[in-house]
$ cat data.pdb   # PDB, C-alpha atoms, pLDDT in the B column
ATOM      1  CA  MET A   1      19.009  15.704  12.493  1.00 96.00           C
ATOM      2  CA  VAL A   2      18.934  12.014  13.423  1.00 98.00           C
ATOM      3  CA  VAL A   3      16.039   9.743  12.477  1.00 97.00           C
ATOM      4  CA  ALA A   4      15.705   6.421  14.272  1.00 96.00           C
ATOM      5  CA  TYR A   5      14.741   4.147  11.383  1.00 95.00           C
ATOM      6  CA  ASN A   6      13.306   0.627  11.235  1.00 90.00           C
ATOM      7  CA  ASP A   7      11.110   0.784   8.098  1.00 84.00           C
ATOM      8  CA  SER A   8       7.826   0.771  10.027  1.00 90.00           C
ATOM      9  CA  PRO A   9       5.065   3.090   8.810  1.00 93.00           C
ATOM     10  CA  SER A  10       5.734   5.513  11.665  1.00 93.00           C
ATOM     11  CA  THR A  11       9.467   5.675  11.000  1.00 93.00           C
ATOM     12  CA  ARG A  12       8.817   6.208   7.288  1.00 94.00           C
ATOM     13  CA  ARG A  13       6.658   9.177   8.332  1.00 95.00           C
ATOM     14  CA  ALA A  14       9.482  10.303  10.644  1.00 96.00           C
ATOM     15  CA  LEU A  15      11.906  10.216   7.717  1.00 96.00           C
ATOM     16  CA  GLY A  16       9.461  12.225   5.627  1.00 96.00           C
ATOM     17  CA  GLU A  17       9.215  14.823   8.393  1.00 96.00           C
ATOM     18  CA  ALA A  18      13.004  15.044   8.618  1.00 97.00           C
ATOM     19  CA  LEU A  19      13.319  15.491   4.854  1.00 96.00           C
ATOM     20  CA  GLN A  20      10.688  18.252   4.885  1.00 95.00           C
ATOM     21  CA  ARG A  21      12.442  20.051   7.730  1.00 95.00           C
ATOM     22  CA  ALA A  22      15.824  19.732   6.025  1.00 95.00           C
ATOM     23  CA  ALA A  23      14.436  21.113   2.765  1.00 93.00           C
ATOM     24  CA  LYS A  24      13.155  24.190   4.612  1.00 93.00           C
ATOM     25  CA  SER A  25      16.444  24.949   6.332  1.00 87.00           C
ATOM     26  CA  PRO A  26      19.481  23.944   4.291  1.00 82.00           C
ATOM     27  CA  PRO A  27      22.177  22.973   4.906  1.00 87.00           C
ATOM     28  CA  CYS A  28      20.669  20.502   7.324  1.00 90.00           C
ATOM     29  CA  GLU A  29      21.957  16.946   7.293  1.00 94.00           C
ATOM     30  CA  VAL A  30      19.559  14.042   7.828  1.00 97.00           C
ATOM     31  CA  ILE A  31      21.086  10.881   9.235  1.00 97.00           C
ATOM     32  CA  ALA A  32      18.961   7.727   9.319  1.00 97.00           C
ATOM     33  CA  VAL A  33      20.136   5.332  12.022  1.00 97.00           C
ATOM     34  CA  ALA A  34      19.029   1.703  12.121  1.00 95.00           C
ATOM     35  CA  VAL A  35      19.895  -0.665  14.951  1.00 94.00           C
ATOM     36  CA  ASP A  36      20.466  -4.397  14.593  1.00 91.00           C
ATOM     37  CA  LYS A  37      19.900  -5.825  18.049  1.00 84.00           C
ATOM     38  CA  ARG A  38      20.859  -9.346  17.003  1.00 75.00           C
ATOM     39  CA  GLY A  39      24.423  -8.658  15.942  1.00 68.00           C
ATOM     40  CA  PRO A  40      26.440 -10.564  13.345  1.00 62.00           C
ATOM     41  CA  THR A  41      24.540 -13.883  13.455  1.00 59.00           C
ATOM     42  CA  ARG A  42      23.599 -13.967   9.781  1.00 57.00           C
ATOM     43  CA  ALA A  43      25.017 -15.675   6.744  1.00 62.00           C
ATOM     44  CA  GLU A  44      27.659 -13.424   5.204  1.00 67.00           C
ATOM     45  CA  ASP A  45      25.905 -13.394   1.825  1.00 65.00           C
ATOM     46  CA  GLN A  46      22.595 -12.228   3.304  1.00 74.00           C
ATOM     47  CA  PRO A  47      22.078  -8.522   3.991  1.00 77.00           C
ATOM     48  CA  ARG A  48      20.865  -7.610   7.447  1.00 82.00           C
ATOM     49  CA  PRO A  49      17.261  -6.381   7.469  1.00 88.00           C
ATOM     50  CA  CYS A  50      18.596  -3.059   8.762  1.00 91.00           C
ATOM     51  CA  GLU A  51      20.806  -2.699   5.685  1.00 92.00           C
ATOM     52  CA  VAL A  52      17.767  -3.183   3.469  1.00 92.00           C
ATOM     53  CA  TRP A  53      15.806  -0.611   5.514  1.00 93.00           C
ATOM     54  CA  LEU A  54      18.580   1.943   5.157  1.00 96.00           C
ATOM     55  CA  ARG A  55      18.841   1.397   1.396  1.00 95.00           C
ATOM     56  CA  GLU A  56      15.095   2.024   1.171  1.00 94.00           C
ATOM     57  CA  ALA A  57      15.442   5.180   3.268  1.00 95.00           C
ATOM     58  CA  ALA A  58      18.180   6.474   0.940  1.00 96.00           C
ATOM     59  CA  ARG A  59      16.064   5.597  -2.099  1.00 95.00           C
ATOM     60  CA  HIS A  60      13.108   7.499  -0.633  1.00 93.00           C
ATOM     61  CA  ALA A  61      15.311  10.545  -0.058  1.00 95.00           C
ATOM     62  CA  ARG A  62      16.594  10.415  -3.653  1.00 95.00           C
ATOM     63  CA  GLU A  63      12.981  10.303  -4.874  1.00 94.00           C
ATOM     64  CA  GLN A  64      12.482  13.561  -2.957  1.00 90.00           C
ATOM     65  CA  GLU A  65      15.627  14.922  -4.623  1.00 91.00           C
ATOM     66  CA  GLN A  66      17.411  14.959  -1.288  1.00 92.00           C
ATOM     67  CA  SER A  67      20.229  12.981   0.210  1.00 90.00           C
ATOM     68  CA  ILE A  68      20.686  11.407   3.592  1.00 96.00           C
ATOM     69  CA  ARG A  69      23.473   9.703   5.405  1.00 96.00           C
ATOM     70  CA  THR A  70      22.756   6.262   6.809  1.00 97.00           C
ATOM     71  CA  GLU A  71      24.306   4.505   9.738  1.00 96.00           C
ATOM     72  CA  LEU A  72      23.893   0.934  10.980  1.00 95.00           C
ATOM     73  CA  ARG A  73      24.579   0.211  14.622  1.00 95.00           C
ATOM     74  CA  VAL A  74      24.534  -3.032  16.569  1.00 93.00           C
ATOM     75  CA  GLY A  75      23.191  -3.307  20.108  1.00 93.00           C
ATOM     76  CA  HIS A  76      20.201  -2.345  22.197  1.00 93.00           C
ATOM     77  CA  PRO A  77      17.974   0.019  20.171  1.00 93.00           C
ATOM     78  CA  ALA A  78      17.535   2.711  22.824  1.00 95.00           C
ATOM     79  CA  THR A  79      21.204   2.708  23.787  1.00 96.00           C
ATOM     80  CA  GLU A  80      22.372   2.917  20.181  1.00 96.00           C
ATOM     81  CA  ILE A  81      19.852   5.604  19.192  1.00 97.00           C
ATOM     82  CA  LEU A  82      20.926   7.748  22.139  1.00 98.00           C
ATOM     83  CA  GLN A  83      24.615   7.168  21.410  1.00 98.00           C
ATOM     84  CA  ALA A  84      24.089   8.071  17.741  1.00 98.00           C
ATOM     85  CA  ALA A  85      22.425  11.341  18.766  1.00 98.00           C
ATOM     86  CA  ARG A  86      25.427  12.106  21.000  1.00 98.00           C
ATOM     87  CA  ASP A  87      28.082  10.980  18.513  1.00 98.00           C
ATOM     88  CA  LEU A  88      26.482  12.902  15.657  1.00 96.00           C
ATOM     89  CA  ASP A  89      25.802  15.997  17.769  1.00 96.00           C
ATOM     90  CA  ALA A  90      22.132  15.899  16.754  1.00 97.00           C
ATOM     91  CA  ASP A  91      20.098  19.047  17.171  1.00 96.00           C
ATOM     92  CA  LEU A  92      16.896  16.992  16.842  1.00 97.00           C
ATOM     93  CA  LEU A  93      16.096  13.300  17.174  1.00 98.00           C
ATOM     94  CA  ILE A  94      13.017  12.079  15.310  1.00 98.00           C
ATOM     95  CA  ILE A  95      11.557   8.730  16.243  1.00 96.00           C
ATOM     96  CA  GLY A  96       8.453   6.974  15.006  1.00 92.00           C
ATOM     97  CA  HIS A  97       6.002   5.291  17.323  1.00 88.00           C
ATOM     98  CA  SER A  98       3.059   3.244  16.171  1.00 74.00           C
ATOM     99  CA  ARG A  99       0.993   2.549  19.253  1.00 63.00           C
ATOM    100  CA  TRP A 100      -1.344   5.354  20.272  1.00 52.00           C
ATOM    101  CA  GLY A 101      -1.608   5.764  24.004  1.00 47.00           C
ATOM    102  CA  ALA A 102       1.170   3.289  24.711  1.00 48.00           C
ATOM    103  CA  HIS A 103       4.901   3.697  25.134  1.00 54.00           C
ATOM    104  CA  SER A 104       7.521   1.185  24.207  1.00 77.00           C
ATOM    105  CA  SER A 105      10.521   0.736  26.449  1.00 87.00           C
ATOM    106  CA  THR A 106      12.754   2.076  23.646  1.00 90.00           C
ATOM    107  CA  LEU A 107      10.699   5.239  23.314  1.00 92.00           C
ATOM    108  CA  ASP A 108      10.540   5.721  27.092  1.00 93.00           C
ATOM    109  CA  ILE A 109      14.310   5.422  27.442  1.00 94.00           C
ATOM    110  CA  VAL A 110      14.977   7.743  24.505  1.00 95.00           C
ATOM    111  CA  LEU A 111      12.575  10.372  25.840  1.00 95.00           C
ATOM    112  CA  ARG A 112      14.161  10.285  29.293  1.00 96.00           C
ATOM    113  CA  HIS A 113      17.796  10.361  28.223  1.00 97.00           C
ATOM    114  CA  ALA A 114      17.994  12.167  24.882  1.00 98.00           C
ATOM    115  CA  PRO A 115      20.787  14.734  24.584  1.00 98.00           C
ATOM    116  CA  CYS A 116      18.601  16.897  22.334  1.00 98.00           C
ATOM    117  CA  PRO A 117      14.902  17.571  21.635  1.00 98.00           C
ATOM    118  CA  VAL A 118      12.904  14.549  20.490  1.00 98.00           C
ATOM    119  CA  LEU A 119      10.050  14.622  18.010  1.00 97.00           C
ATOM    120  CA  VAL A 120       7.776  11.573  18.184  1.00 95.00           C
ATOM    121  CA  ILE A 121       5.847  10.792  15.003  1.00 94.00           C
ATOM    122  CA  HIS A 122       2.754   8.597  15.215  1.00 86.00           C
TER     123      HIS A 122
END

$ encode --input "data.pdb" --output "structure tokens"
Amino acid sequence: MVVAYNDSPSTRRALGEALQRAAKSPPCEVIAVAVDKRGPTRAEDQPRPCEVWLREAARHAREQEQSIRTELRVGHPATEILQAARDLDADLLIIGHSRWGAHSSTLDIVLRHAPCPVLVIH
């Protein structure tokens, strides 16, 4: 199960949903994927925001007495989320979305091209 993760309230809810689903049907692996669209343009001693997000996701899972795998990708968010779902042979892709009644371009692309079912969490 792949969770597109960016530490927004909706993606934190998406991670919670993935952890609940995994707890109900072990052994189910949860993989949180964050995408850095800016690439390596940071000072080497500064963590990327995505790295911080993924550490928080892993911490949240440990608090639930569960474990997750995390993966950081660089590129366009929709492209990298879709590629992660393919590479990881995801049976479900969970993505958070915060705007009711509106679609982001990332969400639209993921919904149209996902290689597996997609669960959108508001």

$ atom_distance --input "data.pdb" --atom1 "atom CA of A:Glu71" --atom2 "atom CA of A:Tyr5"
9.7 Å

$ atom_distance --input "data.pdb" --atom1 "atom CA of A:Arg38" --atom2 "atom CA of A:Glu17"
28.2 Å

$ atom_distance --input "data.pdb" --atom1 "atom CA of A:Glu56" --atom2 "atom CA of A:His113"
28.4 Å

$ axis_aligned_box --input "data.pdb" --around "stretch 57-76 of chain A" --padding-each-side "8 Å" --output "AutoDock Vina command-line options"
--center_x 18.5 --center_y 5.8 --center_z 8.7 --size_x 28.1 --size_y 34.3 --size_z 43.1

$ closest_residue --input "data.pdb" --among "A:Leu107, A:Ile81, A:Cys28, A:Val74" --to "A:His122" --atoms "all atoms listed in the file"
A:Leu107

$ residues_around --input "data.pdb" --residues "A:Gly75" --least-positions-apart "4" --cutoff "7 Å" --atoms "only C-alpha atoms" --output "mmCIF file with C-alpha atoms, in the frame of the given file"
data_model
loop_
_atom_site.group_PDB
_atom_site.id
_atom_site.type_symbol
_atom_site.label_atom_id
_atom_site.label_comp_id
_atom_site.auth_asym_id
_atom_site.auth_seq_id
_atom_site.Cartn_x
_atom_site.Cartn_y
_atom_site.Cartn_z
ATOM 1 C CA VAL A 35 19.895 -0.665 14.951
ATOM 2 C CA ASP A 36 20.466 -4.397 14.593
ATOM 3 C CA LYS A 37 19.900 -5.825 18.049
ATOM 4 C CA GLY A 39 24.423 -8.658 15.942
ATOM 5 C CA GLU A 80 22.372 2.917 20.181
#

$ resolve_selection --input "data.pdb" --expression "the PyMOL selection byres ((chain A and resi 115) around 12)" --output "mmCIF file with C-alpha atoms, in the coordinates of the input"
data_model
loop_
_atom_site.group_PDB
_atom_site.id
_atom_site.type_symbol
_atom_site.label_atom_id
_atom_site.label_comp_id
_atom_site.auth_asym_id
_atom_site.auth_seq_id
_atom_site.Cartn_x
_atom_site.Cartn_y
_atom_site.Cartn_z
ATOM 1 C CA VAL A 2 18.934 12.014 13.423
ATOM 2 C CA ILE A 81 19.852 5.604 19.192
ATOM 3 C CA LEU A 82 20.926 7.748 22.139
ATOM 4 C CA GLN A 83 24.615 7.168 21.410
ATOM 5 C CA ALA A 84 24.089 8.071 17.741
ATOM 6 C CA ALA A 85 22.425 11.341 18.766
ATOM 7 C CA ARG A 86 25.427 12.106 21.000
ATOM 8 C CA ASP A 87 28.082 10.980 18.513
ATOM 9 C CA LEU A 88 26.482 12.902 15.657
ATOM 10 C CA ASP A 89 25.802 15.997 17.769
ATOM 11 C CA ALA A 90 22.132 15.899 16.754
ATOM 12 C CA ASP A 91 20.098 19.047 17.171
ATOM 13 C CA LEU A 92 16.896 16.992 16.842
ATOM 14 C CA LEU A 93 16.096 13.300 17.174
ATOM 15 C CA ILE A 109 14.310 5.422 27.442
ATOM 16 C CA VAL A 110 14.977 7.743 24.505
ATOM 17 C CA LEU A 111 12.575 10.372 25.840
ATOM 18 C CA ARG A 112 14.161 10.285 29.293
ATOM 19 C CA HIS A 113 17.796 10.361 28.223
ATOM 20 C CA ALA A 114 17.994 12.167 24.882
ATOM 21 C CA CYS A 116 18.601 16.897 22.334
ATOM 22 C CA PRO A 117 14.902 17.571 21.635
ATOM 23 C CA VAL A 118 12.904 14.549 20.490
#

$ residues_near_point --input "data.pdb" --point "(20.0, -2.7, 6.7)" --cutoff "10 Å" --atoms "all atoms listed in the file" --output "PDB file with C-alpha atoms, in the coordinates of the input"
ATOM      1  CA  TYR A   5      14.741   4.147  11.383  1.00 95.00           C
ATOM      2  CA  ASN A   6      13.306   0.627  11.235  1.00 90.00           C
ATOM      3  CA  ASP A   7      11.110   0.784   8.098  1.00 84.00           C
ATOM      4  CA  VAL A  33      20.136   5.332  12.022  1.00 97.00           C
ATOM      5  CA  ALA A  34      19.029   1.703  12.121  1.00 95.00           C
ATOM      6  CA  VAL A  35      19.895  -0.665  14.951  1.00 94.00           C
ATOM      7  CA  ASP A  36      20.466  -4.397  14.593  1.00 91.00           C
ATOM      8  CA  PRO A  47      22.078  -8.522   3.991  1.00 77.00           C
ATOM      9  CA  ARG A  48      20.865  -7.610   7.447  1.00 82.00           C
ATOM     10  CA  PRO A  49      17.261  -6.381   7.469  1.00 88.00           C
ATOM     11  CA  CYS A  50      18.596  -3.059   8.762  1.00 91.00           C
ATOM     12  CA  GLU A  51      20.806  -2.699   5.685  1.00 92.00           C
ATOM     13  CA  VAL A  52      17.767  -3.183   3.469  1.00 92.00           C
ATOM     14  CA  TRP A  53      15.806  -0.611   5.514  1.00 93.00           C
ATOM     15  CA  LEU A  54      18.580   1.943   5.157  1.00 96.00           C
ATOM     16  CA  ARG A  55      18.841   1.397   1.396  1.00 95.00           C
ATOM     17  CA  GLU A  56      15.095   2.024   1.171  1.00 94.00           C
ATOM     18  CA  ALA A  57      15.442   5.180   3.268  1.00 95.00           C
ATOM     19  CA  THR A  70      22.756   6.262   6.809  1.00 97.00           C
ATOM     20  CA  GLU A  71      24.306   4.505   9.738  1.00 96.00           C
ATOM     21  CA  LEU A  72      23.893   0.934  10.980  1.00 95.00           C
ATOM     22  CA  ARG A  73      24.579   0.211  14.622  1.00 95.00           C
TER      23      ARG A  73
END

$ resolve_selection --input "data.pdb" --expression "the PyMOL selection byres ((chain A and resi 69) around 8)" --output "PDB file with C-alpha atoms, in the coordinates of the input"
ATOM      1  CA  GLU A  29      21.957  16.946   7.293  1.00 94.00           C
ATOM      2  CA  VAL A  30      19.559  14.042   7.828  1.00 97.00           C
ATOM      3  CA  ILE A  31      21.086  10.881   9.235  1.00 97.00           C
ATOM      4  CA  ALA A  32      18.961   7.727   9.319  1.00 97.00           C
ATOM      5  CA  ALA A  58      18.180   6.474   0.940  1.00 96.00           C
ATOM      6  CA  SER A  67      20.229  12.981   0.210  1.00 90.00           C
ATOM      7  CA  ILE A  68      20.686  11.407   3.592  1.00 96.00           C
ATOM      8  CA  THR A  70      22.756   6.262   6.809  1.00 97.00           C
ATOM      9  CA  GLU A  71      24.306   4.505   9.738  1.00 96.00           C
TER      10      GLU A  71
END

$ closest_residue --input "data.pdb" --among "A:Gly96, A:Met1, A:Gln46, A:Ile121" --to "A:Ala18" --atoms "all atoms listed in the file"
A:Met1

$ closest_residue --input "data.pdb" --among "A:Ala61, A:Ala4, A:Val120, A:Ala78" --to "A:Ala22" --atoms "all atoms listed in the file"
A:Ala61

$ decode --input "data.pdb" --residues "stretch 68-102 of chain A" --atoms "N, CA and C atoms" --output "CSV table (one decimal), in the first residue's frame"
chain,number,residue,atom,x,y,z
A,68,ILE,N,6.5,1.5,9.0
A,68,ILE,CA,6.3,1.8,7.6
A,68,ILE,C,7.7,1.9,6.9
A,69,ARG,N,7.7,1.8,5.6
A,69,ARG,CA,8.9,2.1,4.8
A,69,ARG,C,8.7,3.4,4.2
A,70,THR,N,9.7,4.2,4.1
A,70,THR,CA,9.6,5.5,3.5
A,70,THR,C,10.5,5.6,2.3
A,71,GLU,N,10.1,6.5,1.4
A,71,GLU,CA,10.8,6.6,0.1
A,71,GLU,C,10.7,8.1,-0.3
A,72,LEU,N,11.9,8.7,-0.6
A,72,LEU,CA,11.9,10.0,-1.1
A,72,LEU,C,12.3,10.0,-2.6
A,73,ARG,N,11.5,10.7,-3.4
A,73,ARG,CA,11.7,10.8,-4.8
A,73,ARG,C,11.8,12.2,-5.2
A,74,VAL,N,12.5,12.4,-6.3
A,74,VAL,CA,12.7,13.8,-6.8
A,74,VAL,C,12.1,13.9,-8.2
A,75,GLY,N,11.3,14.9,-8.4
A,75,GLY,CA,10.7,15.1,-9.7
A,75,GLY,C,9.3,15.7,-9.6
A,76,HIS,N,8.5,15.5,-10.6
A,76,HIS,CA,7.1,16.0,-10.6
A,76,HIS,C,6.3,15.1,-9.7
A,77,PRO,N,5.5,15.7,-8.8
A,77,PRO,CA,4.8,14.9,-7.9
A,77,PRO,C,3.9,13.8,-8.5
A,78,ALA,N,3.1,14.1,-9.5
A,78,ALA,CA,2.2,13.1,-10.0
A,78,ALA,C,3.0,12.0,-10.7
A,79,THR,N,4.0,12.4,-11.5
A,79,THR,CA,4.8,11.4,-12.2
A,79,THR,C,5.5,10.5,-11.2
A,80,GLU,N,6.1,11.0,-10.1
A,80,GLU,CA,6.8,10.2,-9.1
A,80,GLU,C,5.9,9.3,-8.3
A,81,ILE,N,4.7,9.8,-8.0
A,81,ILE,CA,3.7,9.0,-7.2
A,81,ILE,C,3.3,7.9,-8.1
A,82,LEU,N,3.0,8.1,-9.3
A,82,LEU,CA,2.6,7.0,-10.2
A,82,LEU,C,3.7,6.0,-10.4
A,83,GLN,N,4.9,6.5,-10.6
A,83,GLN,CA,6.0,5.6,-10.8
A,83,GLN,C,6.3,4.8,-9.5
A,84,ALA,N,6.1,5.4,-8.4
A,84,ALA,CA,6.3,4.6,-7.1
A,84,ALA,C,5.3,3.5,-7.0
A,85,ALA,N,4.0,3.8,-7.4
A,85,ALA,CA,3.0,2.8,-7.3
A,85,ALA,C,3.3,1.6,-8.2
A,86,ARG,N,3.9,2.0,-9.4
A,86,ARG,CA,4.3,0.9,-10.4
A,86,ARG,C,5.5,0.1,-9.8
A,87,ASP,N,6.5,0.9,-9.4
A,87,ASP,CA,7.8,0.2,-9.0
A,87,ASP,C,7.5,-0.7,-7.8
A,88,LEU,N,6.7,-0.2,-6.9
A,88,LEU,CA,6.4,-1.0,-5.6
A,88,LEU,C,5.3,-2.0,-5.7
A,89,ASP,N,4.7,-2.1,-6.9
A,89,ASP,CA,3.6,-3.0,-7.2
A,89,ASP,C,2.5,-2.8,-6.2
A,90,ALA,N,2.1,-1.6,-6.0
A,90,ALA,CA,1.1,-1.2,-5.0
A,90,ALA,C,-0.3,-1.9,-5.4
A,91,ASP,N,-0.9,-2.4,-4.4
A,91,ASP,CA,-2.3,-2.9,-4.6
A,91,ASP,C,-3.3,-1.8,-4.3
A,92,LEU,N,-2.9,-0.7,-3.6
A,92,LEU,CA,-3.7,0.5,-3.3
A,92,LEU,C,-2.8,1.7,-3.2
A,93,LEU,N,-3.3,2.8,-3.7
A,93,LEU,CA,-2.6,4.1,-3.6
A,93,LEU,C,-3.5,5.0,-2.8
A,94,ILE,N,-3.0,5.5,-1.7
A,94,ILE,CA,-3.8,6.4,-0.9
A,94,ILE,C,-3.2,7.8,-1.0
A,95,ILE,N,-4.1,8.8,-1.3
A,95,ILE,CA,-3.6,10.2,-1.5
A,95,ILE,C,-4.5,11.1,-0.8
A,96,GLY,N,-4.0,12.1,-0.1
A,96,GLY,CA,-4.8,13.1,0.6
A,96,GLY,C,-5.1,14.2,-0.3
A,97,HIS,N,-6.2,14.8,-0.1
A,97,HIS,CA,-6.6,16.0,-0.9
A,97,HIS,C,-7.4,16.9,0.0
A,98,SER,N,-7.0,18.2,0.0
A,98,SER,CA,-7.6,19.1,1.0
A,98,SER,C,-8.7,20.0,0.6
A,99,ARG,N,-8.8,20.1,-0.7
A,99,ARG,CA,-9.8,21.1,-1.2
A,99,ARG,C,-11.1,20.4,-1.6
A,100,TRP,N,-12.2,20.6,-0.9
A,100,TRP,CA,-13.5,20.0,-1.2
A,100,TRP,C,-14.0,20.6,-2.5
A,101,GLY,N,-14.4,19.7,-3.4
A,101,GLY,CA,-15.0,20.2,-4.6
A,101,GLY,C,-14.1,20.7,-5.7
A,102,ALA,N,-12.8,20.6,-5.4
A,102,ALA,CA,-11.8,21.0,-6.4
A,102,ALA,C,-10.8,19.9,-6.6
